[in-house]
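model-v6.txt follows (compact mmCIF, C-alpha atoms):
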```txt
# COMPACT_ATOMS: atom_id res chain seq x y z
CA MET A 154 -33.71 -115.07 143.67
CA LEU A 155 -32.97 -113.29 146.95
CA LYS A 156 -29.32 -113.09 146.04
CA TYR A 157 -30.06 -111.24 142.78
CA LEU A 158 -32.45 -108.91 144.58
CA VAL A 159 -29.78 -107.98 147.11
CA ILE A 160 -27.24 -107.35 144.37
CA VAL A 161 -29.64 -105.10 142.46
CA ILE A 162 -30.52 -103.11 145.57
CA LEU A 163 -26.86 -102.72 146.46
CA MET A 164 -26.03 -101.44 143.00
CA CYS A 165 -28.96 -99.06 142.93
CA SER A 166 -28.30 -97.60 146.35
CA GLY A 167 -24.64 -97.12 145.60
CA LEU A 168 -25.33 -95.50 142.26
CA SER A 169 -27.98 -93.21 143.60
CA LEU A 170 -25.86 -91.83 146.42
CA ALA A 171 -22.36 -91.85 145.01
CA GLN A 172 -21.07 -88.84 143.13
CA PRO A 173 -19.05 -89.15 139.94
CA GLU A 174 -15.50 -87.93 140.24
CA HIS A 175 -15.79 -85.17 137.67
CA THR A 176 -18.69 -83.66 139.64
CA VAL A 177 -16.64 -83.50 142.79
CA TRP A 178 -13.38 -82.14 141.47
CA SER A 179 -14.26 -80.36 138.23
CA GLU A 180 -14.38 -76.61 137.90
CA ARG A 181 -17.55 -75.03 139.15
CA GLN A 182 -19.99 -74.12 136.40
CA TYR A 183 -21.64 -70.80 136.93
CA SER A 184 -24.82 -69.65 135.29
CA PRO A 185 -24.30 -67.79 132.01
CA LEU A 186 -27.17 -65.46 132.89
CA ARG A 187 -26.22 -61.99 134.02
CA PRO A 188 -27.15 -61.20 137.62
CA THR A 189 -30.03 -58.76 137.53
CA LEU A 190 -29.61 -55.22 138.75
CA ILE A 191 -33.29 -54.84 139.55
CA LYS A 192 -32.79 -56.36 142.98
CA GLU A 193 -30.15 -53.75 143.81
CA ARG A 194 -32.49 -50.83 143.23
CA ASN A 195 -33.45 -48.76 146.20
CA TYR A 196 -37.05 -47.60 145.82
CA SER A 197 -37.02 -45.81 149.16
CA LEU A 198 -37.44 -42.04 149.39
CA SER A 199 -35.95 -41.86 152.86
CA ASP A 200 -32.52 -40.65 151.78
CA VAL A 201 -33.50 -37.79 149.45
CA ASN A 202 -33.51 -34.04 149.88
CA LEU A 203 -35.39 -31.25 148.11
CA VAL A 204 -33.07 -31.32 145.10
CA THR A 205 -32.85 -35.05 144.63
CA ALA A 206 -36.47 -35.90 145.46
CA PRO A 207 -37.93 -35.00 142.01
CA LEU A 208 -35.20 -36.93 140.24
CA LYS A 209 -35.64 -39.95 142.50
CA ILE A 210 -39.39 -39.91 141.85
CA VAL A 211 -38.76 -39.77 138.08
CA ALA A 212 -36.23 -42.61 138.41
CA ILE A 213 -38.63 -44.77 140.44
CA GLY A 214 -41.36 -44.09 137.87
CA TYR A 215 -38.98 -45.08 135.09
CA TRP A 216 -37.95 -48.27 136.89
CA PHE A 217 -41.50 -49.27 137.76
CA PHE A 218 -43.30 -48.42 134.53
CA ILE A 219 -40.61 -48.86 131.87
CA SER A 220 -37.37 -50.53 132.92
CA ASP A 221 -38.87 -53.51 134.76
CA HIS A 222 -40.97 -54.35 131.69
CA ASP A 223 -38.39 -53.46 129.08
CA GLY A 224 -35.81 -55.73 130.68
CA ASP A 225 -32.50 -55.39 132.43
CA ASN A 226 -30.62 -54.11 129.41
CA CYS A 227 -28.14 -51.46 130.52
CA PRO A 228 -24.60 -52.69 129.84
CA PHE A 229 -23.13 -50.67 132.71
CA HIS A 230 -22.88 -51.24 136.42
CA PRO A 231 -24.49 -49.21 137.94
CA SER A 232 -27.19 -48.73 135.33
CA CYS A 233 -27.69 -45.29 133.80
CA SER A 234 -30.73 -44.45 135.94
CA GLN A 235 -28.95 -45.61 139.08
CA PHE A 236 -25.90 -43.63 138.00
CA ALA A 237 -28.03 -40.47 137.72
CA VAL A 238 -29.47 -40.95 141.20
CA GLU A 239 -26.06 -41.65 142.72
CA SER A 240 -24.42 -38.72 140.94
CA PHE A 241 -26.83 -36.29 142.62
CA LYS A 242 -25.82 -37.75 145.96
CA GLU A 243 -22.11 -37.65 145.14
CA THR A 244 -21.74 -34.11 143.81
CA ASN A 245 -23.61 -30.86 143.15
CA PRO A 246 -26.71 -30.81 140.87
CA LEU A 247 -24.95 -29.01 137.99
CA PHE A 248 -22.13 -31.56 137.80
CA ALA A 249 -24.62 -34.38 138.33
CA LEU A 250 -26.66 -33.26 135.32
CA MET A 251 -23.53 -33.13 133.17
CA MET A 252 -22.38 -36.53 134.46
CA THR A 253 -25.75 -37.99 133.55
CA SER A 254 -25.69 -36.71 129.98
CA ASP A 255 -22.07 -37.79 129.71
CA ARG A 256 -23.06 -41.30 130.78
CA LEU A 257 -25.87 -41.37 128.21
CA ILE A 258 -23.41 -40.39 125.49
CA ARG A 259 -21.01 -43.14 126.56
CA ASP A 260 -23.88 -45.60 126.67
CA THR A 261 -24.86 -44.64 123.11
CA ASN A 262 -21.35 -45.24 121.85
CA ILE A 263 -21.54 -48.17 119.43
CA PHE A 264 -17.94 -48.02 118.26
CA ASP A 265 -15.61 -49.04 121.11
CA ARG A 266 -17.69 -48.89 124.27
CA ALA A 267 -16.54 -52.10 125.92
CA GLY A 268 -12.84 -51.48 125.33
CA HIS A 269 -12.43 -48.92 128.08
CA TYR A 270 -13.96 -50.71 131.05
CA THR A 271 -13.41 -53.80 133.14
CA TYR A 272 -16.24 -56.24 133.71
CA TYR A 273 -18.02 -56.48 137.03
CA LYS A 274 -21.03 -58.78 137.45
CA ARG A 275 -20.84 -59.24 133.67
CA ARG A 276 -21.35 -55.55 133.10
CA LEU A 277 -19.05 -52.65 132.38
CA PHE A 278 -17.72 -51.29 135.64
CA ASP A 279 -18.31 -47.55 135.70
CA PRO A 280 -18.92 -46.16 139.19
CA VAL A 281 -19.96 -42.58 139.84
CA THR A 282 -16.77 -41.85 141.73
CA ASN A 283 -14.76 -42.25 138.50
CA HIS A 284 -16.45 -39.16 137.08
CA VAL A 285 -16.22 -36.53 139.79
CA LEU A 286 -13.01 -34.98 138.37
CA ASP A 287 -10.95 -36.37 141.22
CA THR A 288 -7.96 -38.54 140.29
CA GLU A 289 -7.72 -39.95 143.81
CA LYS A 290 -11.20 -41.48 143.58
CA ILE A 291 -10.73 -43.22 140.23
CA ARG A 292 -10.95 -47.02 140.47
CA LEU A 293 -10.34 -48.83 137.20
CA THR A 294 -11.21 -52.22 138.67
CA PRO A 295 -13.79 -53.13 141.30
CA TRP A 296 -11.33 -55.23 143.35
CA MET B 227 -40.71 -114.82 156.73
CA VAL B 228 -41.10 -111.37 155.21
CA ARG B 229 -39.49 -109.72 158.20
CA LYS B 230 -36.55 -112.06 157.97
CA VAL B 231 -35.94 -110.92 154.43
CA VAL B 232 -36.71 -107.22 154.81
CA ASN B 233 -34.61 -106.50 157.87
CA PRO B 234 -31.31 -107.67 156.38
CA LEU B 235 -32.19 -105.86 153.19
CA VAL B 236 -32.70 -102.56 154.99
CA LEU B 237 -29.41 -103.01 156.78
CA LEU B 238 -27.68 -103.86 153.54
CA VAL B 239 -29.06 -100.80 151.81
CA LEU B 240 -28.00 -98.56 154.67
CA PHE B 241 -24.50 -99.96 154.88
CA SER B 242 -23.97 -100.03 151.14
CA SER B 243 -24.85 -96.37 150.85
CA LEU B 244 -22.51 -95.53 153.71
CA ILE B 245 -19.70 -97.48 152.11
CA LEU B 246 -20.11 -96.16 148.60
CA ALA B 247 -21.21 -92.59 149.18
CA GLN B 248 -18.50 -89.98 149.17
CA GLU B 249 -17.89 -87.32 151.70
CA LEU B 250 -19.28 -83.93 150.79
CA PRO B 251 -16.36 -82.04 149.27
CA TYR B 252 -17.33 -78.53 150.35
CA ASN B 253 -15.08 -78.55 153.39
CA SER B 254 -12.09 -80.04 151.64
CA ILE B 255 -8.92 -77.98 151.40
CA PRO B 256 -8.98 -77.45 147.60
CA GLU B 257 -12.63 -76.38 147.69
CA ARG B 258 -12.08 -74.09 150.62
CA PHE B 259 -9.01 -72.59 148.99
CA SER B 260 -10.82 -71.89 145.73
CA PHE B 261 -13.65 -70.36 147.72
CA ALA B 262 -11.17 -68.15 149.57
CA LEU B 263 -9.69 -66.99 146.26
CA HIS B 264 -13.18 -66.27 144.99
CA LEU B 265 -13.88 -64.16 148.09
CA ALA B 266 -10.59 -62.32 147.73
CA LYS B 267 -11.33 -61.47 144.12
CA ASN B 268 -14.82 -60.32 144.99
CA ASN B 269 -13.66 -57.77 147.51
CA ASP B 270 -14.34 -59.72 150.67
CA PRO B 271 -10.87 -60.07 152.24
CA LEU B 272 -12.08 -60.65 155.78
CA ARG B 273 -14.01 -63.80 154.92
CA ALA B 274 -11.20 -64.88 152.62
CA ALA B 275 -8.77 -64.55 155.53
CA MET B 276 -11.07 -66.63 157.74
CA GLU B 277 -11.23 -69.41 155.18
CA LEU B 278 -7.46 -69.33 154.69
CA GLU B 279 -6.92 -69.48 158.44
CA ILE B 280 -8.96 -72.67 158.61
CA ILE B 281 -6.80 -74.19 155.89
CA ASN B 282 -3.65 -72.95 157.56
CA ALA B 283 -4.68 -74.68 160.78
CA GLN B 284 -5.07 -77.97 158.91
CA ALA B 285 -2.05 -77.67 156.62
CA PRO B 286 0.25 -74.84 157.72
CA HIS B 287 2.32 -73.15 155.04
CA ASP B 288 4.23 -69.89 154.76
CA SER B 289 2.46 -68.86 151.58
CA LEU B 290 -0.91 -69.26 153.27
CA THR B 291 0.19 -67.09 156.16
CA TYR B 292 1.42 -64.50 153.69
CA ARG B 293 -1.91 -64.50 151.89
CA ILE B 294 -3.78 -64.13 155.17
CA ALA B 295 -1.57 -61.16 155.97
CA LEU B 296 -2.37 -59.65 152.59
CA MET B 297 -6.06 -60.03 153.27
CA TYR B 298 -5.77 -58.35 156.65
CA GLN B 299 -3.77 -55.55 155.17
CA ARG B 300 -6.51 -54.93 152.61
CA ILE B 301 -8.94 -54.21 155.42
CA GLU B 302 -6.25 -52.11 157.15
CA ARG B 303 -5.73 -54.41 160.12
CA ASN B 304 -2.03 -53.74 159.81
CA SER B 305 -1.01 -54.90 163.25
CA THR B 306 -2.46 -58.35 162.59
CA ALA B 307 -0.81 -58.41 159.18
CA ASP B 308 2.54 -57.40 160.64
CA SER B 309 2.47 -60.02 163.38
CA LEU B 310 1.70 -62.69 160.79
CA LEU B 311 4.60 -61.55 158.65
CA LEU B 312 6.92 -61.47 161.63
CA SER B 313 6.00 -65.05 162.33
CA ILE B 314 7.05 -66.33 158.92
CA SER B 315 10.22 -64.44 158.13
CA GLN B 316 13.65 -64.33 159.68
CA GLN B 317 14.11 -60.92 158.08
CA PRO B 318 10.80 -59.33 158.89
CA TYR B 319 11.51 -55.84 157.63
CA LEU B 320 12.07 -57.11 154.07
CA LEU B 321 8.64 -58.61 153.86
CA TYR B 322 7.10 -55.81 155.83
CA SER B 323 8.36 -53.14 153.49
CA ALA B 324 7.46 -55.09 150.39
CA MET B 325 3.94 -55.38 151.72
CA ARG B 326 3.84 -51.69 152.39
CA LEU B 327 4.89 -50.97 148.85
CA ASP B 328 2.17 -53.21 147.53
CA ALA B 329 -0.42 -51.25 149.42
CA HIS B 330 0.99 -47.90 148.24
CA THR B 331 1.34 -46.73 151.81
CA TRP B 332 4.61 -44.98 151.29
CA GLU B 333 4.83 -43.22 154.62
CA ASN B 334 4.81 -46.37 156.72
CA GLY B 335 7.21 -48.05 154.32
CA ALA B 336 9.57 -45.11 154.63
CA ASP B 337 9.46 -45.37 158.43
CA THR B 338 10.56 -48.96 158.25
CA LEU B 339 13.34 -48.06 155.86
CA HIS B 340 14.62 -45.35 158.15
CA ARG B 341 14.64 -47.76 161.04
CA ALA B 342 16.52 -50.27 158.94
CA ARG B 343 19.09 -47.67 157.94
CA PHE B 344 19.43 -46.47 161.52
CA ASN B 345 20.30 -49.97 162.65
CA ALA B 346 23.06 -49.89 160.02
CA GLU B 347 22.89 -53.58 159.27
CA PRO B 348 24.53 -54.44 155.94
CA GLU B 349 21.42 -56.22 154.72
CA ALA B 350 19.27 -53.35 155.81
CA ILE B 351 21.41 -50.83 153.93
CA ASN B 352 21.34 -53.02 150.85
CA TYR B 353 17.61 -53.28 151.10
CA TYR B 354 17.28 -49.57 151.64
CA GLN B 355 19.12 -48.97 148.38
CA LYS B 356 16.82 -51.41 146.63
CA MET B 357 13.75 -49.72 147.97
CA ASP B 358 15.12 -46.34 147.03
CA GLY B 359 15.64 -47.56 143.47
CA LEU B 360 12.20 -49.04 143.31
CA ARG B 361 10.70 -45.81 144.56
CA ALA B 362 12.62 -43.92 141.88
CA LEU B 363 11.41 -46.36 139.27
CA LEU B 364 7.80 -46.07 140.34
CA SER B 365 7.89 -42.30 140.51
CA LEU B 366 6.44 -40.75 137.37
CA ASN B 367 6.63 -37.08 138.26
CA THR B 368 10.33 -36.55 138.96
CA GLN B 369 13.42 -37.20 136.90
CA GLU B 370 15.31 -39.73 138.94
CA PRO B 371 18.96 -40.58 138.26
CA GLU B 372 19.13 -43.90 136.44
CA TYR B 373 22.08 -45.35 138.36
CA ARG B 374 19.98 -45.50 141.52
CA ILE B 375 17.42 -47.56 139.67
CA ASN B 376 19.86 -49.84 137.88
CA ASN B 377 21.72 -50.70 141.10
CA SER B 378 18.53 -51.95 142.66
CA PHE B 379 17.60 -54.75 140.29
CA THR B 380 19.36 -57.85 139.12
CA GLU B 381 17.81 -57.90 135.67
CA SER B 382 18.94 -54.70 134.04
CA ALA B 383 17.36 -55.47 130.64
CA SER B 384 13.88 -55.36 132.13
CA VAL B 385 14.71 -52.17 133.97
CA ASN B 386 15.96 -50.57 130.79
CA ASN B 387 12.74 -51.56 129.02
CA LEU B 388 10.75 -50.04 131.82
CA LEU B 389 12.81 -46.85 131.76
CA GLN B 390 12.28 -46.61 128.01
CA TYR B 391 8.56 -47.12 128.49
CA LYS B 392 8.58 -44.52 131.25
CA SER B 393 10.28 -41.96 129.04
CA GLN B 394 7.53 -42.38 126.43
CA ILE B 395 4.67 -41.85 128.85
CA SER B 396 2.70 -38.68 128.25
CA PHE B 397 -0.26 -37.43 130.25
CA LYS B 398 -3.33 -35.68 128.93
CA ASN B 399 -4.34 -32.26 130.17
CA PRO B 400 -8.04 -32.06 131.16
CA TRP B 401 -8.17 -28.35 130.33
CA ILE B 402 -6.94 -29.00 126.78
CA ALA B 403 -9.48 -31.82 126.42
CA GLY B 404 -12.29 -29.56 127.61
CA GLY B 405 -11.13 -26.70 125.35
CA LEU B 406 -11.01 -28.93 122.27
CA SER B 407 -14.49 -30.25 123.01
CA ALA B 408 -15.75 -26.68 123.39
CA ILE B 409 -14.60 -25.94 119.83
CA VAL B 410 -15.72 -29.21 118.22
CA PRO B 411 -17.92 -31.54 120.32
CA GLY B 412 -16.09 -34.78 120.96
CA LEU B 413 -12.65 -33.61 119.84
CA GLY B 414 -11.38 -33.53 123.42
CA ARG B 415 -12.47 -37.11 123.91
CA ILE B 416 -10.57 -38.18 120.81
CA TYR B 417 -7.54 -36.33 122.25
CA ALA B 418 -8.02 -38.31 125.49
CA GLY B 419 -8.00 -41.60 123.58
CA ARG B 420 -11.74 -42.24 123.47
CA THR B 421 -12.42 -42.04 119.75
CA GLY B 422 -15.79 -43.82 119.86
CA ASP B 423 -17.10 -41.59 122.63
CA GLY B 424 -15.87 -38.53 120.71
CA ILE B 425 -17.68 -39.49 117.52
CA THR B 426 -20.83 -40.28 119.50
CA SER B 427 -20.64 -36.89 121.23
CA LEU B 428 -20.43 -35.15 117.86
CA ILE B 429 -23.35 -37.13 116.45
CA VAL B 430 -25.64 -36.66 119.47
CA THR B 431 -24.92 -32.96 119.92
CA GLY B 432 -25.12 -32.32 116.19
CA LEU B 433 -28.40 -34.22 115.87
CA PHE B 434 -30.20 -32.24 118.56
CA THR B 435 -28.76 -28.94 117.33
CA THR B 436 -29.97 -29.68 113.80
CA LEU B 437 -33.41 -30.60 115.08
CA ALA B 438 -33.55 -27.37 117.08
CA VAL B 439 -32.57 -25.25 114.06
CA LEU B 440 -35.07 -27.00 111.77
CA ASN B 441 -37.89 -26.49 114.27
CA PHE B 442 -37.00 -22.84 114.77
CA ASN B 443 -37.15 -22.42 110.97
CA GLN B 444 -40.58 -24.09 110.91
CA ASN B 445 -41.79 -21.92 113.84
CA HIS B 446 -42.43 -24.96 116.11
CA SER B 447 -41.28 -23.08 119.16
CA PHE B 448 -41.97 -25.75 121.83
CA ARG B 449 -40.11 -28.49 120.00
CA ALA B 450 -37.40 -26.04 119.03
CA TRP B 451 -36.73 -25.06 122.64
CA LEU B 452 -36.98 -28.68 123.77
CA PHE B 453 -34.27 -29.72 121.34
CA THR B 454 -32.23 -26.65 122.22
CA GLY B 455 -32.31 -27.71 125.86
CA LEU B 456 -31.34 -31.27 125.02
CA SER B 457 -28.57 -30.04 122.77
CA ALA B 458 -27.20 -27.78 125.51
CA TRP B 459 -27.45 -30.64 128.02
CA PHE B 460 -25.45 -33.03 125.89
CA TYR B 461 -22.98 -30.32 124.87
CA THR B 462 -22.12 -29.51 128.49
CA GLY B 463 -22.08 -33.20 129.32
CA GLN B 464 -19.52 -33.98 126.67
CA LEU B 465 -17.43 -30.99 127.82
CA TYR B 466 -17.41 -32.40 131.33
CA GLY B 467 -16.82 -35.92 130.06
CA SER B 468 -13.85 -34.84 127.96
CA ALA B 469 -12.08 -33.35 130.96
CA ASN B 470 -12.85 -36.46 132.99
CA ASP B 471 -11.67 -38.73 130.17
CA ALA B 472 -8.28 -37.03 130.29
CA LEU B 473 -8.06 -37.82 134.01
CA MET B 474 -9.13 -41.40 133.33
CA PHE B 475 -6.45 -41.69 130.65
CA ASN B 476 -3.81 -40.54 133.14
CA ALA B 477 -5.06 -43.02 135.73
CA GLU B 478 -4.88 -45.83 133.18
CA VAL B 479 -1.32 -44.87 132.26
CA ILE B 480 -0.23 -44.92 135.91
CA GLU B 481 -2.02 -48.23 136.48
CA GLU B 482 -0.36 -49.84 133.48
CA TYR B 483 3.10 -48.63 134.45
CA THR B 484 2.68 -49.80 138.05
CA ARG B 485 1.48 -53.16 136.79
CA ARG B 486 4.60 -53.56 134.64
CA VAL B 487 6.89 -52.65 137.52
CA ASN B 488 5.13 -55.08 139.84
CA GLU B 489 5.32 -57.82 137.23
CA MET B 490 9.05 -57.34 137.00
CA ARG B 491 9.39 -57.35 140.80
CA LEU B 492 7.51 -60.60 141.10
CA ARG B 493 9.46 -62.17 138.26
CA GLU B 494 12.83 -61.27 139.69
CA ASN B 495 11.93 -61.91 143.30
CA ASP B 496 14.23 -59.10 144.40
CA PHE B 497 12.12 -57.82 147.21
CA ILE B 498 10.02 -60.61 148.58
CA PRO B 499 11.63 -63.63 150.27
CA GLU B 500 11.31 -66.86 148.35
CA ALA B 501 8.89 -68.54 150.73
CA ALA B 502 6.30 -65.85 150.18
CA ASN B 503 6.62 -65.59 146.43
CA PHE B 504 3.75 -67.78 145.31
```
Please render this file's structure as structure tokens.
Amino acid sequence: MLKYLVIVILMCSGLSLAQPEHTVWSERQYSPLRPTLIKERNYSLSDVNLVTAPLKIVAIGYWFFISDHDGDNCPFHPSCSQFAVESFKETNPLFALMMTSDRLIRDTNIFDRAGHYTYYKRRLFDPVTNHVLDTEKIRLTPW
Amino acid sequence: MVRKVVNPLVLLVLFSSLILAQELPYNSIPERFSFALHLAKNNDPLRAAMELEIINAQAPHDSLTYRIALMYQRIERNSTADSLLLSISQQPYLLYSAMRLDAHTWENGADTLHRARFNAEPEAINYYQKMDGLRALLSLNTQEPEYRINNSFTESASVNNLLQYKSQISFKNPWIAGGLSAIVPGLGRIYAGRTGDGITSLIVTGLFTTLAVLNFNQNHSFRAWLFTGLSAWFYTGQLYGSANDALMFNAEVIEEYTRRVNEMRLRENDFIPEAANF
């Protein structure tokens, strides 16, 4: 009786602690869920000036009251609202307004939107610096 | 009696788990290497270099040292990168210059070439000619004589294909793109190769303009001016976007051509010593 008990305990302890080979050496499986952009949002008003403050307040209001409830749906990285905020930091207000409407048009494109961008964090990589009319700043890939 | 049974059982359980359990694999060389590659791809070359250095200490290899040097060069620690390259090659300037070319730092690469030519070593002169040909091949703005390019590579068929591709490259003018979009919204984007964006620009601008006109006709002045403003906003946006799309098109063309040239270089192994060509 004792002999069988020892054998069972040995088997159970070995099975519970040992790892199957395919777990150890197989390719890592990553989550299919897209990483959320909500965590990357900066709600602070510390880095704004007189021009960008109203826009930042509108953006924070949009994030807090609409976007967070609607879901993390923008296909681009950074998202359109984040793009608008960053464009005002990157260039003058006139260009930033035009860049924002340009981004909205490109976001609305249902025909061949994904074909012109590389993927970064499972979204279309489209940084602000690609749209400041400066060839030197264009980065087609994030790496 | 119970203690006599339990104590050996506890010992047996402990020892059996120690015998059968496997070592955690996270610090193994394959895992660490794949993690280093992951870091390198995700724009973290410093940590990638640290991981590779740990592997290199356990299992030294030239290709690892070369990768570490690449990582250091990406964060512009060129002196560290250079000393690593010097340690793995008997002909350091070959590797050094190839690295410089990879990083598009032409000035430093040219310095090395001039030093190599000044030393007047046969290999150095040969390499100088190769580099000169490669520079001519990579250059898109000037018409370079083809014999300089052809003398630099062993596989002339690939070079001829590249030269043919190069002759067919055409850039887009941002002013033309903007002008076309000023006449018909979205036309400049179609000219710059973004047909979908062009059609969307036309639809969005046309929609708000139509709404503005209809509301002016119905004497709804607030809505009319609101849609007029939106229409103007999207119209100027697509003008700006058209010009930028032309610049993006040019950047994509340059990127694609550089990628093809680099592919050929890696395939032929003309510039990088064999040990480093992983």
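If you measure from each of A:Ser166, A:Ser220, A:Ser199, A:Ser240 to Asn283 in chain A using only C-alpha atoms, the closest one turns out to be A:Ser240.
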Need to verify the contact set: Glu277 in chain B, 9 Å, all atoms listed in the file, exclusion of same-chain residues closer than 2 positions in sequence. Can you return it as a PDB file with C-alpha atoms, keeping the file's coordinate frame?
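See out-v8.pdb below for the written result:
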```pdb
ATOM      1  CA  ARG B 258     -12.080 -74.090 150.620  1.00  0.00           C
ATOM      2  CA  PHE B 259      -9.010 -72.590 148.990  1.00  0.00           C
ATOM      3  CA  PHE B 261     -13.650 -70.360 147.720  1.00  0.00           C
ATOM      4  CA  ALA B 262     -11.170 -68.150 149.570  1.00  0.00           C
ATOM      5  CA  LEU B 272     -12.080 -60.650 155.780  1.00  0.00           C
ATOM      6  CA  ARG B 273     -14.010 -63.800 154.920  1.00  0.00           C
ATOM      7  CA  ALA B 274     -11.200 -64.880 152.620  1.00  0.00           C
ATOM      8  CA  ALA B 275      -8.770 -64.550 155.530  1.00  0.00           C
ATOM      9  CA  GLU B 279      -6.920 -69.480 158.440  1.00  0.00           C
ATOM     10  CA  ILE B 280      -8.960 -72.670 158.610  1.00  0.00           C
ATOM     11  CA  ILE B 281      -6.800 -74.190 155.890  1.00  0.00           C
ATOM     12  CA  ASN B 282      -3.650 -72.950 157.560  1.00  0.00           C
TER      13      ASN B 282
END
```
### Query
Hey, what's within 8 Å of range 241-253 of chain A if we count all atoms listed in the file and toss same-chain stuff fewer than 5 positions away? As a list in words, please?
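These residues fall inside the cut-off: Val204, Thr205, Cys233, Phe236, Val281, Thr282, His284 and Val285 of chain A; Trp459, Phe460, Thr462, Gly463, Gln464, Tyr466 and Gly467 of chain B.
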### Message
Taking all atoms listed in the file into account, find every residue of chain B that has an atom no more than 9 Å from chain A, and write it out as number ranges by chain.
### Response
B: 231, 235, 238-240, 242-248, 250-251, 256-257, 266-269, 420-427, 430, 459-471, 473-474, 476-478, 481
#### Entry: CA of Lys156 in chain A to CA of Val228 in chain B, distance in Å rounded to a single decimal
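Going from CA of Lys156 in chain A over to CA of Val228 in chain B, I get 15.0 Å.
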Mind giving me the axis-aligned box for range 279-283 of chain A with 3 Å on every side, centre plus edges in Å to one decimal, as lines of an AutoDock Vina configuration file?
```
center_x = -17.4
center_y = -44.7
center_z = 138.7
size_x = 11.2
size_y = 11.7
size_z = 12.0
```
### Task
Could you check how far CA of Ala450 in chain B sits from CA of Ser407 in chain B, in Å to one decimal?
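About the pair CA of Ala450 in chain B and CA of Ser407 in chain B: they are 23.6 Å apart.
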## Note on the structure
The distance between CA of Ile429 in chain B and CA of Val238 in chain A is 25.8 Å
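Of the listed residues (A:Val211, A:Leu277, A:Val161, A:Met154), A:Leu277 comes nearest to Pro231 in chain A; the distances count all atoms listed in the file.
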